[in-house]
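Raw contents of final_22.cif, mmCIF, C-alpha atoms:
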```cif
data_upload
#
loop_
_atom_site.group_PDB
_atom_site.id
_atom_site.type_symbol
_atom_site.label_atom_id
_atom_site.label_comp_id
_atom_site.auth_asym_id
_atom_site.auth_seq_id
_atom_site.Cartn_x
_atom_site.Cartn_y
_atom_site.Cartn_z
ATOM 1 C CA MET A 5 1.923 18.430 -6.130
ATOM 2 C CA LYS A 6 3.528 16.809 -9.134
ATOM 3 C CA ALA A 7 5.552 13.592 -9.425
ATOM 4 C CA LYS A 8 7.754 12.839 -12.401
ATOM 5 C CA VAL A 9 8.514 9.161 -12.847
ATOM 6 C CA TYR A 10 11.225 7.801 -15.163
ATOM 7 C CA VAL A 11 11.199 4.096 -16.060
ATOM 8 C CA THR A 12 14.054 2.515 -18.030
ATOM 9 C CA LEU A 13 15.295 -0.996 -18.702
ATOM 10 C CA LYS A 14 17.845 -2.231 -16.182
ATOM 11 C CA LYS A 15 21.494 -1.923 -17.190
ATOM 12 C CA SER A 16 21.707 -5.735 -17.313
ATOM 13 C CA VAL A 17 18.890 -5.905 -19.885
ATOM 14 C CA LEU A 18 19.734 -5.267 -23.539
ATOM 15 C CA ASP A 19 17.710 -2.367 -24.963
ATOM 16 C CA PRO A 20 17.287 -3.048 -28.702
ATOM 17 C CA GLN A 21 15.373 0.185 -29.251
ATOM 18 C CA GLY A 22 18.143 2.204 -27.607
ATOM 19 C CA LYS A 23 20.762 0.408 -29.724
ATOM 20 C CA THR A 24 18.870 1.217 -32.918
ATOM 21 C CA VAL A 25 18.593 4.897 -31.973
ATOM 22 C CA GLN A 26 22.314 4.956 -31.126
ATOM 23 C CA HIS A 27 23.140 3.536 -34.583
ATOM 24 C CA ALA A 28 20.872 6.122 -36.211
ATOM 25 C CA LEU A 29 22.609 8.942 -34.322
ATOM 26 C CA SER A 30 25.989 7.530 -35.253
ATOM 27 C CA SER A 31 25.067 7.392 -38.940
ATOM 28 C CA LEU A 32 24.081 11.073 -38.680
ATOM 29 C CA GLY A 33 27.599 11.839 -37.502
ATOM 30 C CA PHE A 34 27.011 11.909 -33.731
ATOM 31 C CA HIS A 35 29.799 9.443 -32.973
ATOM 32 C CA GLU A 36 30.190 10.723 -29.410
ATOM 33 C CA VAL A 37 27.018 8.869 -28.362
ATOM 34 C CA LYS A 38 28.260 5.717 -26.643
ATOM 35 C CA ASP A 39 24.962 4.345 -25.395
ATOM 36 C CA VAL A 40 21.248 5.148 -25.601
ATOM 37 C CA ARG A 41 18.666 3.922 -23.114
ATOM 38 C CA MET A 42 15.031 4.372 -24.035
ATOM 39 C CA GLY A 43 12.389 4.658 -21.359
ATOM 40 C CA LYS A 44 9.080 6.028 -20.241
ATOM 41 C CA TYR A 45 8.300 9.354 -18.618
ATOM 42 C CA ILE A 46 5.158 9.495 -16.515
ATOM 43 C CA GLU A 47 3.743 12.655 -14.905
ATOM 44 C CA LEU A 48 1.419 12.316 -11.939
ATOM 45 C CA GLU A 49 -0.725 15.073 -10.414
ATOM 46 C CA LEU A 50 -1.111 14.319 -6.726
ATOM 47 C CA ASP A 51 -3.670 15.726 -4.383
ATOM 48 C CA GLY A 52 -3.895 15.999 -0.607
ATOM 49 C CA LEU A 53 -0.521 14.509 0.352
ATOM 50 C CA ASP A 54 2.464 15.920 2.204
ATOM 51 C CA LYS A 55 5.843 15.395 0.589
ATOM 52 C CA SER A 56 6.994 12.375 2.590
ATOM 53 C CA LYS A 57 3.651 10.627 2.163
ATOM 54 C CA ALA A 58 3.765 11.381 -1.575
ATOM 55 C CA GLU A 59 7.225 9.835 -1.730
ATOM 56 C CA SER A 60 6.090 6.525 -0.252
ATOM 57 C CA LYS A 61 2.923 6.461 -2.370
ATOM 58 C CA VAL A 62 4.817 7.053 -5.609
ATOM 59 C CA ARG A 63 7.305 4.330 -4.705
ATOM 60 C CA ALA A 64 4.397 1.932 -4.105
ATOM 61 C CA MET A 65 2.864 2.893 -7.485
ATOM 62 C CA CYS A 66 6.177 2.178 -9.229
ATOM 63 C CA GLU A 67 6.617 -1.181 -7.512
ATOM 64 C CA LYS A 68 3.043 -2.270 -8.103
ATOM 65 C CA LEU A 69 2.264 -1.006 -11.599
ATOM 66 C CA LEU A 70 4.393 1.664 -13.249
ATOM 67 C CA ALA A 71 7.577 -0.444 -13.510
ATOM 68 C CA ASN A 72 8.138 -4.167 -13.910
ATOM 69 C CA THR A 73 11.114 -4.643 -11.629
ATOM 70 C CA VAL A 74 12.110 -7.902 -13.336
ATOM 71 C CA ILE A 75 13.357 -5.854 -16.302
ATOM 72 C CA GLU A 76 13.004 -2.183 -15.380
ATOM 73 C CA GLU A 77 14.322 0.337 -12.882
ATOM 74 C CA TYR A 78 12.682 3.588 -11.924
ATOM 75 C CA ARG A 79 13.402 6.928 -10.325
ATOM 76 C CA TYR A 80 11.127 9.827 -9.506
ATOM 77 C CA GLU A 81 11.116 13.484 -8.532
ATOM 78 C CA ILE A 82 8.424 15.120 -6.441
ATOM 79 C CA GLN A 83 7.799 18.815 -6.915
ATOM 80 C CA GLY A 84 5.670 21.457 -5.258
ATOM 81 C CA MET B 7 -14.485 -30.630 -19.524
ATOM 82 C CA LYS B 8 -15.600 -27.079 -18.847
ATOM 83 C CA PHE B 9 -13.410 -24.245 -20.162
ATOM 84 C CA GLY B 10 -13.660 -20.576 -19.257
ATOM 85 C CA VAL B 11 -12.239 -18.260 -21.936
ATOM 86 C CA VAL B 12 -11.466 -14.893 -20.345
ATOM 87 C CA VAL B 13 -12.316 -11.766 -22.321
ATOM 88 C CA PHE B 14 -10.455 -8.544 -21.578
ATOM 89 C CA PRO B 15 -11.082 -5.277 -23.412
ATOM 90 C CA GLY B 16 -8.809 -5.797 -26.421
ATOM 91 C CA SER B 17 -8.728 -9.610 -26.449
ATOM 92 C CA ASN B 18 -8.965 -10.791 -30.053
ATOM 93 C CA CYS B 19 -8.239 -14.531 -30.015
ATOM 94 C CA ASP B 20 -11.069 -15.322 -27.594
ATOM 95 C CA TYR B 21 -13.443 -16.535 -30.322
ATOM 96 C CA ASP B 22 -10.723 -18.667 -31.915
ATOM 97 C CA CYS B 23 -10.123 -20.465 -28.603
ATOM 98 C CA TYR B 24 -13.847 -20.813 -27.965
ATOM 99 C CA HIS B 25 -14.383 -22.219 -31.473
ATOM 100 C CA VAL B 26 -11.676 -24.866 -31.136
ATOM 101 C CA LEU B 27 -12.835 -25.973 -27.694
ATOM 102 C CA LYS B 28 -16.546 -25.979 -28.486
ATOM 103 C CA HIS B 29 -16.754 -26.993 -32.145
ATOM 104 C CA VAL B 30 -13.564 -28.898 -32.850
ATOM 105 C CA LEU B 31 -13.207 -30.684 -29.505
ATOM 106 C CA ASN B 32 -16.907 -30.693 -28.493
ATOM 107 C CA GLN B 33 -16.197 -29.458 -24.992
ATOM 108 C CA GLN B 34 -18.186 -27.075 -22.832
ATOM 109 C CA ALA B 35 -16.861 -23.556 -23.184
ATOM 110 C CA GLU B 36 -18.034 -20.166 -21.985
ATOM 111 C CA PHE B 37 -16.698 -16.654 -22.165
ATOM 112 C CA VAL B 38 -15.780 -15.004 -18.871
ATOM 113 C CA TRP B 39 -15.848 -11.208 -18.790
ATOM 114 C CA HIS B 40 -12.773 -9.890 -17.007
ATOM 115 C CA LYS B 41 -14.918 -8.220 -14.353
ATOM 116 C CA ASP B 42 -16.543 -11.503 -13.335
ATOM 117 C CA TRP B 43 -14.938 -13.203 -10.407
ATOM 118 C CA ASP B 44 -16.967 -16.405 -9.993
ATOM 119 C CA ILE B 45 -15.112 -19.026 -12.037
ATOM 120 C CA LYS B 46 -15.637 -21.976 -9.706
ATOM 121 C CA LYS B 47 -17.544 -24.012 -12.293
ATOM 122 C CA PHE B 48 -14.632 -24.130 -14.740
ATOM 123 C CA ASP B 49 -12.077 -26.919 -14.915
ATOM 124 C CA CYS B 50 -9.644 -24.972 -17.062
ATOM 125 C CA ILE B 51 -9.128 -21.245 -17.629
ATOM 126 C CA VAL B 52 -7.872 -19.912 -20.969
ATOM 127 C CA LEU B 53 -6.293 -16.466 -21.219
ATOM 128 C CA PRO B 54 -6.432 -15.760 -24.955
ATOM 129 C CA GLY B 55 -4.256 -13.583 -27.138
ATOM 130 C CA GLY B 56 -4.882 -10.017 -28.176
ATOM 131 C CA PHE B 57 -3.993 -6.551 -26.994
ATOM 132 C CA SER B 58 -5.655 -6.234 -23.607
ATOM 133 C CA TYR B 59 -5.970 -2.557 -22.660
ATOM 134 C CA GLY B 60 -4.215 -1.641 -25.896
ATOM 135 C CA ASP B 61 -0.882 -2.905 -24.490
ATOM 136 C CA TYR B 62 -0.717 0.413 -22.603
ATOM 137 C CA LEU B 63 2.177 0.807 -20.149
ATOM 138 C CA ARG B 64 3.400 -2.784 -20.744
ATOM 139 C CA THR B 65 1.738 -5.807 -22.333
ATOM 140 C CA GLY B 66 -0.557 -7.410 -19.757
ATOM 141 C CA ALA B 67 0.294 -4.836 -17.075
ATOM 142 C CA ILE B 68 -3.242 -3.469 -16.656
ATOM 143 C CA ALA B 69 -5.159 -6.688 -17.374
ATOM 144 C CA ARG B 70 -3.431 -8.402 -14.510
ATOM 145 C CA PHE B 71 -5.369 -6.191 -12.074
ATOM 146 C CA SER B 72 -8.763 -7.171 -13.537
ATOM 147 C CA PRO B 73 -11.117 -8.659 -10.928
ATOM 148 C CA VAL B 74 -11.042 -12.099 -12.588
ATOM 149 C CA MET B 75 -7.301 -12.395 -11.993
ATOM 150 C CA GLU B 76 -7.685 -12.832 -8.252
ATOM 151 C CA SER B 77 -10.029 -15.763 -8.892
ATOM 152 C CA ILE B 78 -7.534 -17.189 -11.376
ATOM 153 C CA VAL B 79 -4.801 -17.105 -8.725
ATOM 154 C CA HIS B 80 -7.158 -19.029 -6.437
ATOM 155 C CA HIS B 81 -8.054 -21.455 -9.279
ATOM 156 C CA SER B 82 -4.371 -22.142 -9.954
ATOM 157 C CA ASN B 83 -3.587 -22.544 -6.247
ATOM 158 C CA GLN B 84 -6.069 -25.413 -6.258
ATOM 159 C CA GLY B 85 -3.934 -27.105 -8.919
ATOM 160 C CA LYS B 86 -6.453 -26.550 -11.723
ATOM 161 C CA PRO B 87 -5.042 -25.833 -15.199
ATOM 162 C CA VAL B 88 -4.561 -22.332 -16.610
ATOM 163 C CA ILE B 89 -3.248 -21.723 -20.132
ATOM 164 C CA GLY B 90 -2.176 -18.277 -21.330
ATOM 165 C CA ILE B 91 -1.606 -17.812 -25.041
ATOM 166 C CA CYS B 92 0.430 -14.867 -26.380
ATOM 167 C CA ASN B 93 -1.071 -11.851 -24.577
ATOM 168 C CA GLY B 94 -2.388 -14.402 -22.056
ATOM 169 C CA PHE B 95 1.225 -15.469 -21.409
ATOM 170 C CA GLN B 96 2.221 -11.821 -20.974
ATOM 171 C CA ILE B 97 -0.605 -11.369 -18.431
ATOM 172 C CA LEU B 98 0.510 -14.481 -16.487
ATOM 173 C CA LEU B 99 4.047 -13.031 -16.299
ATOM 174 C CA GLU B 100 2.814 -9.630 -15.118
ATOM 175 C CA ALA B 101 0.591 -11.342 -12.545
ATOM 176 C CA GLY B 102 3.560 -13.292 -11.212
ATOM 177 C CA LEU B 103 1.876 -16.642 -11.901
ATOM 178 C CA LEU B 104 4.883 -17.410 -14.113
ATOM 179 C CA PRO B 105 8.443 -16.094 -13.626
ATOM 180 C CA GLY B 106 10.183 -13.611 -15.939
ATOM 181 C CA ALA B 107 9.052 -10.797 -18.228
ATOM 182 C CA MET B 108 8.661 -9.956 -21.907
ATOM 183 C CA LEU B 109 10.824 -7.471 -23.779
ATOM 184 C CA ARG B 110 10.285 -6.100 -27.260
ATOM 185 C CA ASN B 111 11.380 -8.463 -30.001
ATOM 186 C CA ASP B 112 15.097 -7.930 -30.610
ATOM 187 C CA SER B 113 14.297 -7.112 -34.263
ATOM 188 C CA LEU B 114 11.897 -4.388 -33.017
ATOM 189 C CA LYS B 115 9.431 -5.838 -35.523
ATOM 190 C CA PHE B 116 6.065 -7.486 -35.058
ATOM 191 C CA VAL B 117 6.715 -11.081 -36.136
ATOM 192 C CA CYS B 118 3.824 -12.985 -37.706
ATOM 193 C CA ARG B 119 4.655 -16.403 -39.202
ATOM 194 C CA HIS B 120 4.777 -20.125 -38.533
ATOM 195 C CA VAL B 121 7.663 -21.375 -36.414
ATOM 196 C CA TYR B 122 8.993 -24.758 -35.340
ATOM 197 C CA LEU B 123 8.963 -25.655 -31.674
ATOM 198 C CA ARG B 124 10.441 -28.604 -29.826
ATOM 199 C CA VAL B 125 8.493 -30.077 -26.927
ATOM 200 C CA GLU B 126 10.943 -30.193 -24.026
ATOM 201 C CA ASN B 127 8.847 -31.984 -21.442
ATOM 202 C CA THR B 128 5.955 -34.307 -22.272
ATOM 203 C CA GLU B 129 5.045 -35.047 -18.656
ATOM 204 C CA THR B 130 2.748 -32.074 -18.101
ATOM 205 C CA PRO B 131 -1.036 -31.591 -18.430
ATOM 206 C CA PHE B 132 -0.371 -29.458 -21.530
ATOM 207 C CA THR B 133 2.019 -31.683 -23.451
ATOM 208 C CA ARG B 134 1.242 -35.271 -22.522
ATOM 209 C CA LYS B 135 -0.323 -35.953 -25.923
ATOM 210 C CA THR B 136 2.932 -35.055 -27.652
ATOM 211 C CA LYS B 137 5.937 -37.314 -28.149
ATOM 212 C CA LYS B 138 9.359 -36.784 -26.641
ATOM 213 C CA ASP B 139 11.311 -34.164 -28.646
ATOM 214 C CA GLU B 140 8.370 -33.781 -31.040
ATOM 215 C CA VAL B 141 8.627 -30.757 -33.319
ATOM 216 C CA LEU B 142 5.411 -28.739 -33.634
ATOM 217 C CA ARG B 143 4.642 -26.144 -36.291
ATOM 218 C CA LEU B 144 2.570 -23.272 -34.899
ATOM 219 C CA PRO B 145 2.037 -19.623 -35.814
ATOM 220 C CA ILE B 146 3.334 -16.726 -33.756
ATOM 221 C CA ALA B 147 2.131 -13.124 -33.969
ATOM 222 C CA HIS B 148 3.653 -10.721 -31.481
ATOM 223 C CA GLY B 149 5.801 -7.647 -31.014
ATOM 224 C CA GLU B 150 6.822 -8.421 -27.444
ATOM 225 C CA GLY B 151 7.738 -12.075 -27.117
ATOM 226 C CA ASN B 152 11.381 -11.706 -26.184
ATOM 227 C CA TYR B 153 11.366 -13.753 -22.981
ATOM 228 C CA PHE B 154 13.692 -12.511 -20.272
ATOM 229 C CA ALA B 155 14.506 -13.816 -16.818
ATOM 230 C CA PRO B 156 17.617 -13.342 -14.666
ATOM 231 C CA LYS B 157 20.187 -16.170 -14.835
ATOM 232 C CA PRO B 158 19.215 -17.871 -11.544
ATOM 233 C CA VAL B 159 15.578 -17.985 -12.674
ATOM 234 C CA LEU B 160 16.568 -19.466 -16.062
ATOM 235 C CA ASP B 161 18.723 -22.067 -14.297
ATOM 236 C CA GLY B 162 15.711 -22.983 -12.159
ATOM 237 C CA LEU B 163 13.444 -23.299 -15.208
ATOM 238 C CA ILE B 164 15.924 -25.678 -16.853
ATOM 239 C CA LYS B 165 16.584 -27.715 -13.717
ATOM 240 C CA ASN B 166 12.888 -28.135 -12.915
ATOM 241 C CA ARG B 167 11.963 -28.874 -16.533
ATOM 242 C CA GLN B 168 9.595 -25.905 -16.677
ATOM 243 C CA ILE B 169 10.556 -25.024 -20.252
ATOM 244 C CA LEU B 170 7.912 -26.799 -22.332
ATOM 245 C CA LEU B 171 8.529 -25.284 -25.793
ATOM 246 C CA ARG B 172 11.671 -23.955 -27.471
ATOM 247 C CA TYR B 173 12.033 -22.283 -30.860
ATOM 248 C CA THR B 174 14.000 -24.618 -33.136
ATOM 249 C CA ASP B 175 14.620 -25.273 -36.798
ATOM 250 C CA GLU B 176 12.612 -27.858 -38.706
ATOM 251 C CA THR B 177 14.757 -30.700 -37.386
ATOM 252 C CA GLY B 178 14.222 -29.698 -33.762
ATOM 253 C CA THR B 179 17.665 -28.162 -33.276
ATOM 254 C CA VAL B 180 17.886 -25.053 -31.106
ATOM 255 C CA THR B 181 19.679 -22.402 -33.169
ATOM 256 C CA GLU B 182 20.023 -18.645 -32.999
ATOM 257 C CA GLY B 183 18.482 -18.363 -36.464
ATOM 258 C CA ALA B 184 15.367 -20.194 -35.315
ATOM 259 C CA ASN B 185 14.803 -17.698 -32.503
ATOM 260 C CA PRO B 186 12.239 -15.205 -33.841
ATOM 261 C CA ASN B 187 12.417 -12.634 -31.061
ATOM 262 C CA GLY B 188 15.601 -12.929 -28.992
ATOM 263 C CA SER B 189 14.107 -15.005 -26.173
ATOM 264 C CA ARG B 190 16.567 -16.319 -23.611
ATOM 265 C CA GLU B 191 17.237 -20.049 -24.137
ATOM 266 C CA ASN B 192 14.924 -19.884 -27.215
ATOM 267 C CA ILE B 193 12.011 -20.087 -24.770
ATOM 268 C CA ALA B 194 8.552 -20.135 -26.376
ATOM 269 C CA GLY B 195 6.582 -21.575 -23.457
ATOM 270 C CA ILE B 196 7.049 -22.289 -19.751
ATOM 271 C CA CYS B 197 5.000 -23.699 -16.883
ATOM 272 C CA ASN B 198 5.027 -22.978 -13.167
ATOM 273 C CA LEU B 199 6.773 -25.256 -10.685
ATOM 274 C CA LYS B 200 3.560 -27.167 -9.951
ATOM 275 C CA GLY B 201 3.017 -27.669 -13.691
ATOM 276 C CA ASN B 202 -0.608 -26.465 -13.845
ATOM 277 C CA VAL B 203 -0.041 -22.966 -15.265
ATOM 278 C CA PHE B 204 1.291 -22.781 -18.827
ATOM 279 C CA GLY B 205 2.178 -19.713 -20.870
ATOM 280 C CA LEU B 206 3.200 -19.813 -24.527
ATOM 281 C CA MET B 207 3.695 -17.236 -27.270
ATOM 282 C CA PRO B 208 2.621 -19.446 -30.233
ATOM 283 C CA HIS B 209 -1.078 -19.831 -31.032
ATOM 284 C CA PRO B 210 -2.243 -23.479 -30.832
ATOM 285 C CA GLU B 211 -5.845 -22.345 -31.491
ATOM 286 C CA ARG B 212 -4.794 -21.087 -34.932
ATOM 287 C CA ALA B 213 -3.379 -24.506 -35.830
ATOM 288 C CA SER B 214 -6.089 -26.916 -34.774
ATOM 289 C CA GLU B 215 -7.859 -27.554 -38.078
ATOM 290 C CA ARG B 216 -6.532 -28.901 -41.363
ATOM 291 C CA GLU B 217 -7.907 -25.903 -43.283
ATOM 292 C CA LEU B 218 -5.490 -23.700 -41.373
ATOM 293 C CA GLY B 219 -2.374 -25.520 -42.539
ATOM 294 C CA SER B 220 -1.389 -27.243 -39.299
ATOM 295 C CA THR B 221 -3.189 -29.322 -36.698
ATOM 296 C CA ASP B 222 -0.270 -29.482 -34.256
ATOM 297 C CA GLY B 223 -1.988 -27.064 -31.898
ATOM 298 C CA ILE B 224 -4.808 -29.458 -31.115
ATOM 299 C CA LYS B 225 -2.295 -31.668 -29.294
ATOM 300 C CA ILE B 226 -1.967 -29.019 -26.586
ATOM 301 C CA PHE B 227 -5.740 -28.885 -26.030
ATOM 302 C CA LYS B 228 -6.085 -32.674 -26.222
ATOM 303 C CA SER B 229 -3.371 -32.968 -23.577
ATOM 304 C CA ILE B 230 -5.458 -30.794 -21.242
ATOM 305 C CA LEU B 231 -8.502 -33.022 -21.875
ATOM 306 C CA SER B 232 -6.585 -36.207 -21.179
ATOM 307 C CA SER B 233 -5.336 -34.871 -17.865
ATOM 308 C CA SER B 234 -8.777 -34.260 -16.383
#
```
Before anything else, please render the file you have as structure tokens.
Amino acid sequence: MKAKVYVTLKKSVLDPQGKTVQHALSSLGFHEVKDVRMGKYIELELDGLDKSKAESKVRAMCEKLLANTVIEEYRYEIQG
Amino acid sequence: MKFGVVVFPGSNCDYDCYHVLKHVLNQQAEFVWHKDWDIKKFDCIVLPGGFSYGDYLRTGAIARFSPVMESIVHHSNQGKPVIGICNGFQILLEAGLLPGAMLRNDSLKFVCRHVYLRVENTETPFTRKTKKDEVLRLPIAHGEGNYFAPKPVLDGLIKNRQILLRYTDETGTVTEGANPNGSRENIAGICNLKGNVFGLMPHPERASERELGSTDGIKIFKSILSSS
């Protein structure tokens, strides 16, 4: 079973890296880009769990380590 | 006074701290490997700067689960002093011993230079050897020192006088231009509510001898000594 975790800065937190990438895209002519949020993508291989158990485990991993919920939000998908 | 300087894989200011404590201030100092948990004999714990665990995931995020950290929580609960410098500050934030979090510098650049800092509260174990509104000159060297906390937390820090250092200009005036990294409220250092845990981005250990261009940093360490 595989879990895909996405961690990004909260909407209320300014993302200077995202802003810089947005400006770079804009200077290349991609003016339709209104906002860029940078983040992290984490893939987890899970073993020996059913789907609902995996769900609660992955949430615990995000809360405890993978995201810092003072500044970041996370979402995840569980496959297989 | 007996200091324990914690060493994580990737710490690189541990020897600087040890040197200042042992050879400049003639105190007892020992290194503490991050897997040790028995720190009872120490009066003060120092979390030095560096790049613990290569800054993987987030700065301080992995180090905060090192075995020694549980003992440090216990040490701080007893009211004993803990000082976290640079990466040490980041670890204290990740561990929840101090409120808030660090973002990347708003310039996206690693900033390495001397800055001016105003002491905001001289009635703490870390600042009592400084004068009211004194301006210190200390070096910073970090890529992630952009202090962030939600508004209610910032209000609490101000109200409870937990902000100990702010980035200012030479005259001690808080300005946007004097802020090297985008920190909220120009925050360079904060303490916990009890006042015994202090985190700061500047490096006092790199400014404790005349040869290094500034001796302002020694005032922080001398404050700790005078409070024991």
If you count all atoms listed in the file, the residue of B:Glu215, B:Asp112, B:Asp61, B:Asp20 closest to chain A turns out to be B:Asp112
Show me, as a PDB file with C-alpha atoms, in the frame of the given file, the residues of chain B whose atoms get within 8 Å of chain A, using all atoms listed in the file for the distance check.
```
ATOM      1  CA  LEU B  63       2.177   0.807 -20.149  1.00  0.00           C
ATOM      2  CA  ALA B  67       0.294  -4.836 -17.075  1.00  0.00           C
ATOM      3  CA  ILE B  68      -3.242  -3.469 -16.656  1.00  0.00           C
ATOM      4  CA  GLU B 100       2.814  -9.630 -15.118  1.00  0.00           C
ATOM      5  CA  GLY B 106      10.183 -13.611 -15.939  1.00  0.00           C
ATOM      6  CA  ALA B 107       9.052 -10.797 -18.228  1.00  0.00           C
ATOM      7  CA  ARG B 110      10.285  -6.100 -27.260  1.00  0.00           C
ATOM      8  CA  ASP B 112      15.097  -7.930 -30.610  1.00  0.00           C
ATOM      9  CA  SER B 113      14.297  -7.112 -34.263  1.00  0.00           C
ATOM     10  CA  LEU B 114      11.897  -4.388 -33.017  1.00  0.00           C
ATOM     11  CA  PHE B 154      13.692 -12.511 -20.272  1.00  0.00           C
ATOM     12  CA  ALA B 155      14.506 -13.816 -16.818  1.00  0.00           C
ATOM     13  CA  PRO B 156      17.617 -13.342 -14.666  1.00  0.00           C
TER      14      PRO B 156
END
```
Which residues, written as a ChimeraX atom specification, have at least one atom at most 9 Å from Ile193 (chain B), with all atoms listed in the file counted and residues fewer than 4 positions away on the same chain left out?
/B:152-154,169-173,185,189,206
For region 48-58 of chain B, list every protein, DNA or RNA residue within 6 Å, evaluated using all atoms listed in the file, and leave out those in the same chain fewer than 3 positions away; present the list as a ChimeraX atom specification.
/B:8-12,14-20,45,61,87-94
Selected by the PyMOL selection byres ((chain A and resi 48) around 10) in the shown coordinates: which residues, as a PyMOL selection string?
chain A and resi 5-9+46-47+49-51+62+82
Kindly export the residues of the current selection with C-alpha atoms, as a PDB file, in the coordinates of the input.
```
ATOM      1  CA  MET A   5       1.923  18.430  -6.130  1.00  0.00           C
ATOM      2  CA  LYS A   6       3.528  16.809  -9.134  1.00  0.00           C
ATOM      3  CA  ALA A   7       5.552  13.592  -9.425  1.00  0.00           C
ATOM      4  CA  LYS A   8       7.754  12.839 -12.401  1.00  0.00           C
ATOM      5  CA  VAL A   9       8.514   9.161 -12.847  1.00  0.00           C
ATOM      6  CA  ILE A  46       5.158   9.495 -16.515  1.00  0.00           C
ATOM      7  CA  GLU A  47       3.743  12.655 -14.905  1.00  0.00           C
ATOM      8  CA  GLU A  49      -0.725  15.073 -10.414  1.00  0.00           C
ATOM      9  CA  LEU A  50      -1.111  14.319  -6.726  1.00  0.00           C
ATOM     10  CA  ASP A  51      -3.670  15.726  -4.383  1.00  0.00           C
ATOM     11  CA  VAL A  62       4.817   7.053  -5.609  1.00  0.00           C
ATOM     12  CA  ILE A  82       8.424  15.120  -6.441  1.00  0.00           C
TER      13      ILE A  82
END
```
Take the PyMOL selection byres ((chain A and resi 78) around 8), run it mentally on this structure, and tell me the resulting residues as a list in words.
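So the PyMOL selection byres ((chain A and resi 78) around 8), applied here, picks out Val9, Tyr10, Val11, Thr12, Cys66, Ala71, Glu76, Glu77, Arg79 and Tyr80 of chain A.
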If you measure from CA of Gly22 (chain A) to CA of Leu109 (chain B), what distance in Å do you get, rounded to one decimal?
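These two atoms are separated by 12.7 Å.
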Do a neighbour search on region 130-140 of chain B at 7 Å with only C-alpha atoms, toss out local chain neighbours closer than 4 positions, and write the hits as a PyMOL selection string.
chain B and resi 124-126+201-202+225-226+228-230+233
Selection file, C-alpha atoms, as a PDB file, in the frame of the given file:
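Okay, part11.pdb is ready:
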```
ATOM      1  CA  ARG B 124      10.441 -28.604 -29.826  1.00  0.00           C
ATOM      2  CA  VAL B 125       8.493 -30.077 -26.927  1.00  0.00           C
ATOM      3  CA  GLU B 126      10.943 -30.193 -24.026  1.00  0.00           C
ATOM      4  CA  GLY B 201       3.017 -27.669 -13.691  1.00  0.00           C
ATOM      5  CA  ASN B 202      -0.608 -26.465 -13.845  1.00  0.00           C
ATOM      6  CA  LYS B 225      -2.295 -31.668 -29.294  1.00  0.00           C
ATOM      7  CA  ILE B 226      -1.967 -29.019 -26.586  1.00  0.00           C
ATOM      8  CA  LYS B 228      -6.085 -32.674 -26.222  1.00  0.00           C
ATOM      9  CA  SER B 229      -3.371 -32.968 -23.577  1.00  0.00           C
ATOM     10  CA  ILE B 230      -5.458 -30.794 -21.242  1.00  0.00           C
ATOM     11  CA  SER B 233      -5.336 -34.871 -17.865  1.00  0.00           C
TER      12      SER B 233
END
```
Enumerate, as a count of residues only, the residues matched when the PyMOL selection byres ((chain B and resi 26) around 10) is run on the file above.
22
Measure the distance from CA of Ser220 (chain B) to CA of Leu104 (chain B) in Å and round it to one decimal.
27.8 Å
At what distance in Å, to one decimal, does CA of Arg64 (chain B) lie from CA of Met65 (chain A)?
14.4 Å
Counting only C-alpha atoms, which residue out of B:Gly205, B:Gly188, B:Pro73, B:Pro145 sits closest to Arg119 (chain B)?
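Ranking B:Gly205, B:Gly188, B:Pro73, B:Pro145 by distance to Arg119 (chain B), first place goes to B:Pro145.
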Would you compute, for all listed atoms of region 39-51 of chain B, the axis-aligned bounding box grown by 5 Å on each side, and then report its centre and edge lengths in Å rounded to one decimal, as JSON?
```
{"center_x": -13.3, "center_y": -17.6, "center_z": -14.2, "size_x": 18.4, "size_y": 28.7, "size_z": 19.1}
```
Export region 20-27 of chain B, N, CA and C atoms, as a PDB file, in the first residue's frame; it's the structure right above.
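Output file result_23.pdb is given in full below:
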```
ATOM      1  N   ASP B  20      29.162  23.568  18.220  1.00  0.00           N
ATOM      2  CA  ASP B  20      29.315  22.964  19.545  1.00  0.00           C
ATOM      3  C   ASP B  20      30.675  23.305  20.169  1.00  0.00           C
ATOM      4  N   TYR B  21      31.741  23.245  19.364  1.00  0.00           N
ATOM      5  CA  TYR B  21      33.068  23.544  19.904  1.00  0.00           C
ATOM      6  C   TYR B  21      33.212  25.028  20.255  1.00  0.00           C
ATOM      7  N   ASP B  22      32.567  25.883  19.470  1.00  0.00           N
ATOM      8  CA  ASP B  22      32.625  27.321  19.754  1.00  0.00           C
ATOM      9  C   ASP B  22      31.993  27.598  21.119  1.00  0.00           C
ATOM     10  N   CYS B  23      30.847  26.999  21.380  1.00  0.00           N
ATOM     11  CA  CYS B  23      30.160  27.198  22.664  1.00  0.00           C
ATOM     12  C   CYS B  23      31.013  26.644  23.800  1.00  0.00           C
ATOM     13  N   TYR B  24      31.517  25.437  23.595  1.00  0.00           N
ATOM     14  CA  TYR B  24      32.355  24.777  24.593  1.00  0.00           C
ATOM     15  C   TYR B  24      33.565  25.645  24.916  1.00  0.00           C
ATOM     16  N   HIS B  25      34.211  26.166  23.878  1.00  0.00           N
ATOM     17  CA  HIS B  25      35.407  27.000  24.039  1.00  0.00           C
ATOM     18  C   HIS B  25      35.105  28.248  24.882  1.00  0.00           C
ATOM     19  N   VAL B  26      34.034  28.919  24.563  1.00  0.00           N
ATOM     20  CA  VAL B  26      33.697  30.151  25.301  1.00  0.00           C
ATOM     21  C   VAL B  26      33.403  29.830  26.767  1.00  0.00           C
ATOM     22  N   LEU B  27      32.638  28.781  26.994  1.00  0.00           N
ATOM     23  CA  LEU B  27      32.258  28.442  28.371  1.00  0.00           C
ATOM     24  C   LEU B  27      33.480  27.991  29.168  1.00  0.00           C
TER      25      LEU B  27
END
```
